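Structure below is target_7.csv: CSV, C-alpha atoms and all ligand atoms.
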chain,number,residue,atom,x,y,z
A,15,MET,CA,49.5,-13.2,-12.1
A,16,SER,CA,47.5,-16.4,-12.5
A,17,GLU,CA,43.9,-16.0,-13.6
A,18,ASP,CA,42.6,-17.1,-10.2
A,19,THR,CA,44.8,-14.7,-8.3
A,20,GLN,CA,43.7,-11.9,-10.7
A,21,THR,CA,40.0,-12.7,-10.2
A,22,GLN,CA,40.5,-12.7,-6.4
A,23,THR,CA,42.5,-9.4,-6.4
A,24,ILE,CA,39.8,-7.6,-8.4
A,25,SER,CA,37.0,-9.2,-6.4
A,26,GLU,CA,38.6,-8.1,-3.1
A,27,ALA,CA,39.3,-4.6,-4.4
A,28,ARG,CA,35.6,-4.4,-5.5
A,29,ALA,CA,34.3,-5.6,-2.2
A,30,SER,CA,36.4,-3.0,-0.4
A,31,ILE,CA,35.2,-0.1,-2.6
A,32,LEU,CA,31.6,-1.2,-2.3
A,33,SER,CA,31.9,-1.4,1.5
A,34,VAL,CA,33.2,2.2,1.5
A,35,ILE,CA,30.6,3.7,-0.8
A,36,GLY,CA,27.6,1.9,0.6
A,37,SER,CA,24.5,0.6,-1.1
A,38,ARG,CA,23.2,4.0,-2.3
A,39,VAL,CA,26.2,4.7,-4.6
A,40,THR,CA,26.8,2.8,-7.8
A,41,LEU,CA,30.3,1.7,-8.7
A,42,VAL,CA,31.1,2.4,-12.3
A,43,ALA,CA,34.1,0.3,-13.4
A,44,ALA,CA,36.2,2.6,-15.5
A,45,SER,CA,37.7,0.0,-17.9
A,46,LYS,CA,39.7,2.1,-20.4
A,47,ARG,CA,42.9,0.5,-21.5
A,48,GLN,CA,42.5,-2.4,-19.2
A,49,PRO,CA,43.4,-5.9,-20.5
A,50,ASP,CA,40.6,-8.3,-21.3
A,51,ASP,CA,41.5,-10.8,-18.5
A,52,ARG,CA,40.8,-8.0,-15.9
A,53,ILE,CA,37.5,-7.2,-17.5
A,54,GLU,CA,36.6,-10.9,-17.3
A,55,ALA,CA,37.7,-11.0,-13.7
A,56,ALA,CA,35.4,-8.0,-12.9
A,57,LEU,CA,32.5,-9.7,-14.6
A,58,GLU,CA,33.2,-12.8,-12.6
A,59,ALA,CA,33.2,-10.8,-9.4
A,60,GLY,CA,29.7,-9.6,-10.2
A,61,GLN,CA,30.5,-6.1,-11.7
A,62,ARG,CA,27.9,-5.1,-14.3
A,63,VAL,CA,28.2,-1.4,-14.7
A,64,PHE,CA,31.2,-0.3,-16.8
A,65,GLY,CA,32.4,3.2,-18.0
A,66,GLU,CA,34.2,3.5,-21.2
A,67,ASN,CA,36.1,6.5,-22.6
A,68,ARG,CA,36.2,5.7,-26.3
A,69,VAL,CA,33.4,4.5,-28.6
A,70,GLN,CA,35.6,2.2,-30.7
A,71,GLU,CA,37.4,0.6,-27.8
A,72,ALA,CA,34.0,0.0,-26.2
A,73,GLN,CA,32.5,-1.6,-29.3
A,74,ILE,CA,35.4,-4.0,-29.6
A,75,ARG,CA,35.2,-5.0,-26.0
A,76,TRP,CA,31.5,-5.1,-25.4
A,77,GLU,CA,29.7,-6.0,-28.7
A,78,PRO,CA,30.9,-9.7,-28.4
A,79,ARG,CA,30.1,-9.8,-24.6
A,80,ARG,CA,26.7,-8.1,-24.6
A,81,ALA,CA,24.8,-11.2,-25.6
A,82,GLY,CA,26.1,-13.2,-22.6
A,83,HIS,CA,25.3,-10.5,-20.1
A,84,SER,CA,21.9,-9.0,-20.5
A,85,ASP,CA,22.2,-7.1,-17.2
A,86,LEU,CA,25.2,-5.2,-18.3
A,87,GLN,CA,25.1,-1.4,-18.2
A,88,LEU,CA,27.5,0.6,-20.4
A,89,ARG,CA,28.2,4.2,-19.7
A,90,LEU,CA,30.2,6.5,-21.9
A,91,ILE,CA,32.4,8.7,-19.7
A,92,GLY,CA,34.8,10.1,-22.3
A,93,PRO,CA,34.4,12.9,-24.8
A,94,LEU,CA,32.1,12.2,-27.7
A,95,GLN,CA,32.5,13.5,-31.3
A,96,THR,CA,29.4,14.2,-33.2
A,97,ASN,CA,30.4,11.8,-36.0
A,98,LYS,CA,30.4,9.0,-33.4
A,99,ALA,CA,26.9,9.8,-32.1
A,100,GLU,CA,25.1,7.0,-33.9
A,101,ASP,CA,27.6,4.4,-32.7
A,102,ALA,CA,27.3,5.7,-29.2
A,103,VAL,CA,23.5,5.6,-29.0
A,104,ARG,CA,23.6,2.0,-30.3
A,105,LEU,CA,26.0,0.8,-27.7
A,106,PHE,CA,25.6,2.8,-24.5
A,107,ASP,CA,22.8,2.8,-21.9
A,108,VAL,CA,24.0,6.1,-20.5
A,109,ILE,CA,26.1,9.0,-22.0
A,110,GLU,CA,27.7,11.0,-19.2
A,111,THR,CA,29.5,13.6,-21.3
A,112,LEU,CA,26.9,15.8,-23.1
A,113,ASP,CA,28.6,19.2,-23.0
A,114,ARG,CA,27.4,21.3,-26.0
A,115,GLU,CA,24.4,22.0,-28.1
A,116,LYS,CA,25.9,20.7,-31.3
A,117,LEU,CA,26.4,17.3,-29.6
A,118,LEU,CA,22.8,17.4,-28.3
A,119,LYS,CA,21.5,17.9,-31.8
A,120,ALA,CA,23.7,15.0,-33.1
A,121,LEU,CA,22.3,12.7,-30.4
A,122,VAL,CA,18.7,13.7,-31.1
A,123,LYS,CA,19.3,12.9,-34.7
A,124,ALA,CA,21.1,9.7,-34.0
A,125,VAL,CA,18.3,8.4,-31.8
A,126,GLU,CA,15.8,9.2,-34.6
A,127,LYS,CA,17.9,7.7,-37.3
A,128,THR,CA,18.9,4.5,-35.5
A,129,GLY,CA,15.6,3.8,-33.7
A,130,ALA,CA,17.8,2.7,-30.8
A,131,PRO,CA,16.4,3.3,-27.3
A,132,ALA,CA,17.5,6.8,-26.2
A,133,PRO,CA,20.4,6.5,-23.7
A,134,ASP,CA,20.0,8.4,-20.5
A,135,LEU,CA,22.1,11.6,-20.6
A,136,LEU,CA,24.2,13.3,-18.0
A,137,ILE,CA,25.7,16.7,-18.6
A,138,GLN,CA,29.4,17.1,-18.0
A,139,VAL,CA,30.2,20.3,-16.1
A,140,ASN,CA,33.6,21.9,-16.3
A,141,THR,CA,33.6,22.9,-12.7
A,142,GLY,CA,37.2,24.1,-12.8
A,143,ASP,CA,36.8,26.1,-16.0
A,144,GLU,CA,39.8,24.3,-17.6
A,145,PRO,CA,40.1,25.2,-21.3
A,146,GLN,CA,41.5,21.8,-22.3
A,147,LYS,CA,38.8,19.8,-20.6
A,148,GLY,CA,35.3,18.8,-21.8
A,149,GLY,CA,32.2,20.0,-20.0
A,150,ILE,CA,29.9,22.9,-20.2
A,151,SER,CA,30.7,26.0,-18.0
A,152,VAL,CA,28.7,26.4,-14.9
A,153,ASP,CA,27.1,29.5,-16.5
A,154,GLY,CA,26.1,27.6,-19.6
A,155,LEU,CA,24.5,24.7,-17.8
A,156,ALA,CA,21.0,26.0,-17.5
A,157,ALA,CA,20.6,26.7,-21.2
A,158,LEU,CA,22.0,23.4,-22.3
A,159,LEU,CA,19.8,21.6,-19.8
A,160,LYS,CA,16.8,23.4,-21.0
A,161,ALA,CA,17.6,22.6,-24.6
A,162,ALA,CA,18.2,18.9,-23.7
A,163,ARG,CA,14.9,18.6,-21.8
A,164,GLU,CA,13.0,20.2,-24.6
A,165,THR,CA,14.5,18.3,-27.5
A,166,TYR,CA,15.9,15.0,-26.4
A,167,PRO,CA,13.6,12.0,-26.6
A,168,GLY,CA,15.1,10.2,-23.5
A,169,GLN,CA,15.9,11.1,-19.9
A,170,VAL,CA,18.3,13.8,-18.9
A,171,SER,CA,19.1,12.4,-15.5
A,172,GLY,CA,22.1,14.1,-14.0
A,173,LEU,CA,25.5,15.8,-14.0
A,174,MET,CA,29.1,14.6,-14.1
A,175,CYS,CA,32.4,16.3,-13.4
A,176,ILE,CA,36.1,15.7,-13.5
A,177,PRO,CA,37.8,18.2,-11.1
A,178,PRO,CA,41.2,19.7,-12.0
A,179,ALA,CA,43.9,17.2,-11.0
A,180,GLU,CA,45.9,19.8,-9.1
A,181,GLU,CA,43.1,21.1,-6.9
A,182,PRO,CA,41.3,19.6,-3.9
A,183,ALA,CA,38.3,17.9,-5.3
A,184,GLY,CA,35.9,18.6,-2.4
A,185,PRO,CA,34.7,22.1,-3.5
A,186,HIS,CA,34.1,20.7,-7.0
A,187,PHE,CA,32.1,17.8,-5.8
A,188,ALA,CA,30.0,20.1,-3.5
A,189,LEU,CA,29.4,22.5,-6.4
A,190,LEU,CA,28.2,19.6,-8.7
A,191,LYS,CA,25.9,18.3,-6.0
A,192,LYS,CA,24.5,21.8,-5.5
A,193,LEU,CA,23.9,22.3,-9.2
A,194,ALA,CA,22.2,18.9,-9.5
A,195,ASP,CA,19.8,19.8,-6.6
A,196,GLN,CA,19.1,23.2,-8.0
A,197,HIS,CA,18.1,21.7,-11.3
A,198,GLU,CA,16.2,18.7,-9.8
A,199,LEU,CA,18.6,16.1,-11.3
A,200,SER,CA,18.9,12.9,-9.4
A,201,THR,CA,22.2,11.4,-10.8
A,202,VAL,CA,25.6,12.8,-9.7
A,203,SER,CA,28.6,11.1,-11.2
A,204,MET,CA,31.9,12.2,-9.5
A,205,GLY,CA,34.9,10.6,-7.8
A,206,MET,CA,37.6,8.4,-9.2
A,207,SER,CA,40.3,6.1,-7.6
A,208,GLY,CA,41.9,8.8,-5.5
A,209,ASP,CA,38.7,10.5,-4.2
A,210,TYR,CA,35.7,8.3,-4.4
A,211,THR,CA,35.3,8.1,-0.7
A,212,LEU,CA,35.0,11.9,-0.5
A,213,ALA,CA,32.7,12.0,-3.5
A,214,ALA,CA,30.4,9.5,-2.0
A,215,ARG,CA,30.2,11.5,1.2
A,216,LEU,CA,29.4,14.7,-0.7
A,217,GLY,CA,26.5,13.2,-2.6
A,218,ALA,CA,27.7,11.1,-5.6
A,219,THR,CA,25.3,8.6,-6.8
A,220,HIS,CA,27.9,7.1,-9.2
A,221,VAL,CA,31.7,6.9,-8.7
A,222,ARG,CA,33.9,6.0,-11.6
A,223,VAL,CA,36.8,3.9,-10.5
A,224,GLY,CA,39.6,2.5,-12.7
A,225,THR,CA,43.0,1.8,-11.2
A,226,ALA,CA,41.8,1.2,-7.6
A,227,LEU,CA,39.6,-1.6,-9.0
A,228,PHE,CA,41.6,-3.1,-11.8
A,229,GLY,CA,45.2,-2.1,-11.1
A,230,ALA,CA,47.4,0.2,-13.2
A,231,ARG,CA,46.4,0.8,-16.8
A,232,ASP,CA,48.2,-0.6,-19.8
A,233,TYR,CA,49.8,2.4,-21.7
B,1,LIG,C1,39.9,7.1,-16.3
B,1,LIG,C2,38.7,7.8,-15.8
B,1,LIG,C3,38.2,7.5,-14.5
B,1,LIG,C4,38.9,6.5,-13.6
B,1,LIG,O1,40.2,6.9,-13.2
B,1,LIG,P1,41.0,6.2,-12.1
B,1,LIG,O2,41.9,7.2,-11.5
B,1,LIG,O3,41.8,5.1,-12.8
B,1,LIG,O4,40.0,5.6,-11.1
B,1,LIG,C5,37.1,8.1,-14.2
B,1,LIG,N1,36.4,9.0,-14.9
B,1,LIG,C6,36.9,9.3,-16.2
B,1,LIG,C7,36.1,10.2,-17.0
B,1,LIG,C8,38.1,8.7,-16.6
B,1,LIG,O5,38.5,9.0,-17.8
Translate the structure described by the file into structure tokens.
Amino acid sequence: MSEDTQTQTISEARASILSVIGSRVTLVAASKRQPDDRIEAALEAGQRVFGENRVQEAQIRWEPRRAGHSDLQLRLIGPLQTNKAEDAVRLFDVIETLDREKLLKALVKAVEKTGAPAPDLLIQVNTGDEPQKGGISVDGLAALLKAARETYPGQVSGLMCIPPAEEPAGPHFALLKKLADQHELSTVSMGMSGDYTLAARLGATHVRVGTALFGARDY
């Protein structure tokens, strides 16, 4: 695809997603494993909020581009290992995947040590109780949230979930929205390429969309 055609395709896909989700929902461009020319096309189309799954991939992509785009917002949407906490707080504006006390402690320490502004935190909830998936259990949420509110020097602003792939997403989205309301959390990050319309209808404030925006990923 020529560069112009690529830019136009991504720009049109973005416009279509934005028209569906409306102005109250933020489109997070999930850019994992997308080639650089598509990232450039998204930036050219006006996209400024990006979600990355891996700290290192995000550093390589965004450290050189940060300077040219002061309005960029970077969100970590993939699992975070404690030994990457310092790199993560230096790079990201928002970390969406807090899911355990050990990681909370590492993030508190990382903010202290680096002196970086504390990224906003979202807690990832494992709404489907899937053993292989990140996220705190629904039962464990209150305790983790309490610890985060008591010890983290920045904002704890919301919840995030990735429903089980083989189940209808609606009940998971409804549950996450209910938990956010119960705990007076304003940010609800849910919905991907296949279900962002439903997520937006059920109360998402942020949808994380990859392939529907950029096209298929590079494996
Ligand atoms: C990859 C990914 C997405 C986007 O997935 P698509 O189906 O390509 O839209 C959203 N959220 C997370 C956490 C992801 O890892």
| task | Anything within 9 Å of (30.6, 1.5, -18.9): list those residues as an MDAnalysis selection string, counting all atoms listed in the file and sticking to the file's coordinates. | result | chainID A and resid 42:45 62:67 72 86:91 106:108
Only C-alpha atoms, please: the residues just picked out, written as a JSON list (two decimals), keeping the file's coordinate frame.
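Written file, out18.json:
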[["chain", "number", "residue", "atom", "x", "y", "z"],
["A", 42, "VAL", "CA", 31.10, 2.40, -12.30],
["A", 43, "ALA", "CA", 34.10, 0.30, -13.40],
["A", 44, "ALA", "CA", 36.20, 2.60, -15.50],
["A", 45, "SER", "CA", 37.70, 0.00, -17.90],
["A", 62, "ARG", "CA", 27.90, -5.10, -14.30],
["A", 63, "VAL", "CA", 28.20, -1.40, -14.70],
["A", 64, "PHE", "CA", 31.20, -0.30, -16.80],
["A", 65, "GLY", "CA", 32.40, 3.20, -18.00],
["A", 66, "GLU", "CA", 34.20, 3.50, -21.20],
["A", 67, "ASN", "CA", 36.10, 6.50, -22.60],
["A", 72, "ALA", "CA", 34.00, 0.00, -26.20],
["A", 86, "LEU", "CA", 25.20, -5.20, -18.30],
["A", 87, "GLN", "CA", 25.10, -1.40, -18.20],
["A", 88, "LEU", "CA", 27.50, 0.60, -20.40],
["A", 89, "ARG", "CA", 28.20, 4.20, -19.70],
["A", 90, "LEU", "CA", 30.20, 6.50, -21.90],
["A", 91, "ILE", "CA", 32.40, 8.70, -19.70],
["A", 106, "PHE", "CA", 25.60, 2.80, -24.50],
["A", 107, "ASP", "CA", 22.80, 2.80, -21.90],
["A", 108, "VAL", "CA", 24.00, 6.10, -20.50]]
| said: Neighbouring residues of ligand LIG 1 (chain B) are defined here as those with any atom at most 7 Å from a ligand atom, counting only C-alpha atoms and all ligand atoms; list them as a list of chain:residue names. | reply: A:Ala44, A:Lys46, A:Asn67, A:Ile91, A:Gly92, A:Ile176, A:Met206, A:Ser207, A:Gly208, A:Arg222, A:Val223, A:Gly224, A:Thr225, A:Ala226
| task | Would you list the residues near (42.5, -10.7, -19.8), meaning any protein, DNA or RNA residue with an atom at most 12 Å from that point in file coordinates, counting only C-alpha atoms, as a PyMOL selection string? | result | chain A and resi 15-18+20-21+45+47-58+75+228+232
| field | One-decimal distance in Å that lies between atom CA of Leu41 of chain A and atom CA of Thr141 of chain A | value |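 Atom CA of Leu41 of chain A lies 21.8 Å from atom CA of Thr141 of chain A.
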| task | Name the closest residue to Leu135 of chain A among the candidates A:Cys175, A:Val152, A:Leu121, A:Ala213; distances are taken between atoms, counting all atoms listed in the file. | result |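 Among the listed residues, A:Leu121 lies closest to Leu135 of chain A.
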| Distance query Glu26 of chain A at most 10 Å, all atoms listed in the file, self and fewer than 6 positions along chain excluded, as a list in words |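 The residues that qualify are Gln20, Leu32, Ala59 and Leu227 of chain A.
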| Residue nearest Arg104 of chain A among A:Gln73, A:Ser84, A:Gln22, A:Ser151 (counting only C-alpha atoms) |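 The answer is A:Gln73, which sits nearest to Arg104 of chain A.
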Nearby residues (only C-alpha atoms) at most 8 Å from Ser200 of chain A, same-chain spacing under 5 positions excluded, as a short mmCIF file (atom, residue, chain, number, x, y, z; two decimals) with C-alpha atoms, in the coordinates of the input:
data_model
loop_
_atom_site.label_atom_id
_atom_site.label_comp_id
_atom_site.auth_asym_id
_atom_site.auth_seq_id
_atom_site.Cartn_x
_atom_site.Cartn_y
_atom_site.Cartn_z
CA SER A 171 19.10 12.40 -15.50
CA GLY A 172 22.10 14.10 -14.00
CA ALA A 194 22.20 18.90 -9.50
CA ASP A 195 19.80 19.80 -6.60
#
| remark: Students should find that atom CA of Ala188 of chain A and atom CA of Leu112 of chain A are spaced 20.3 Å
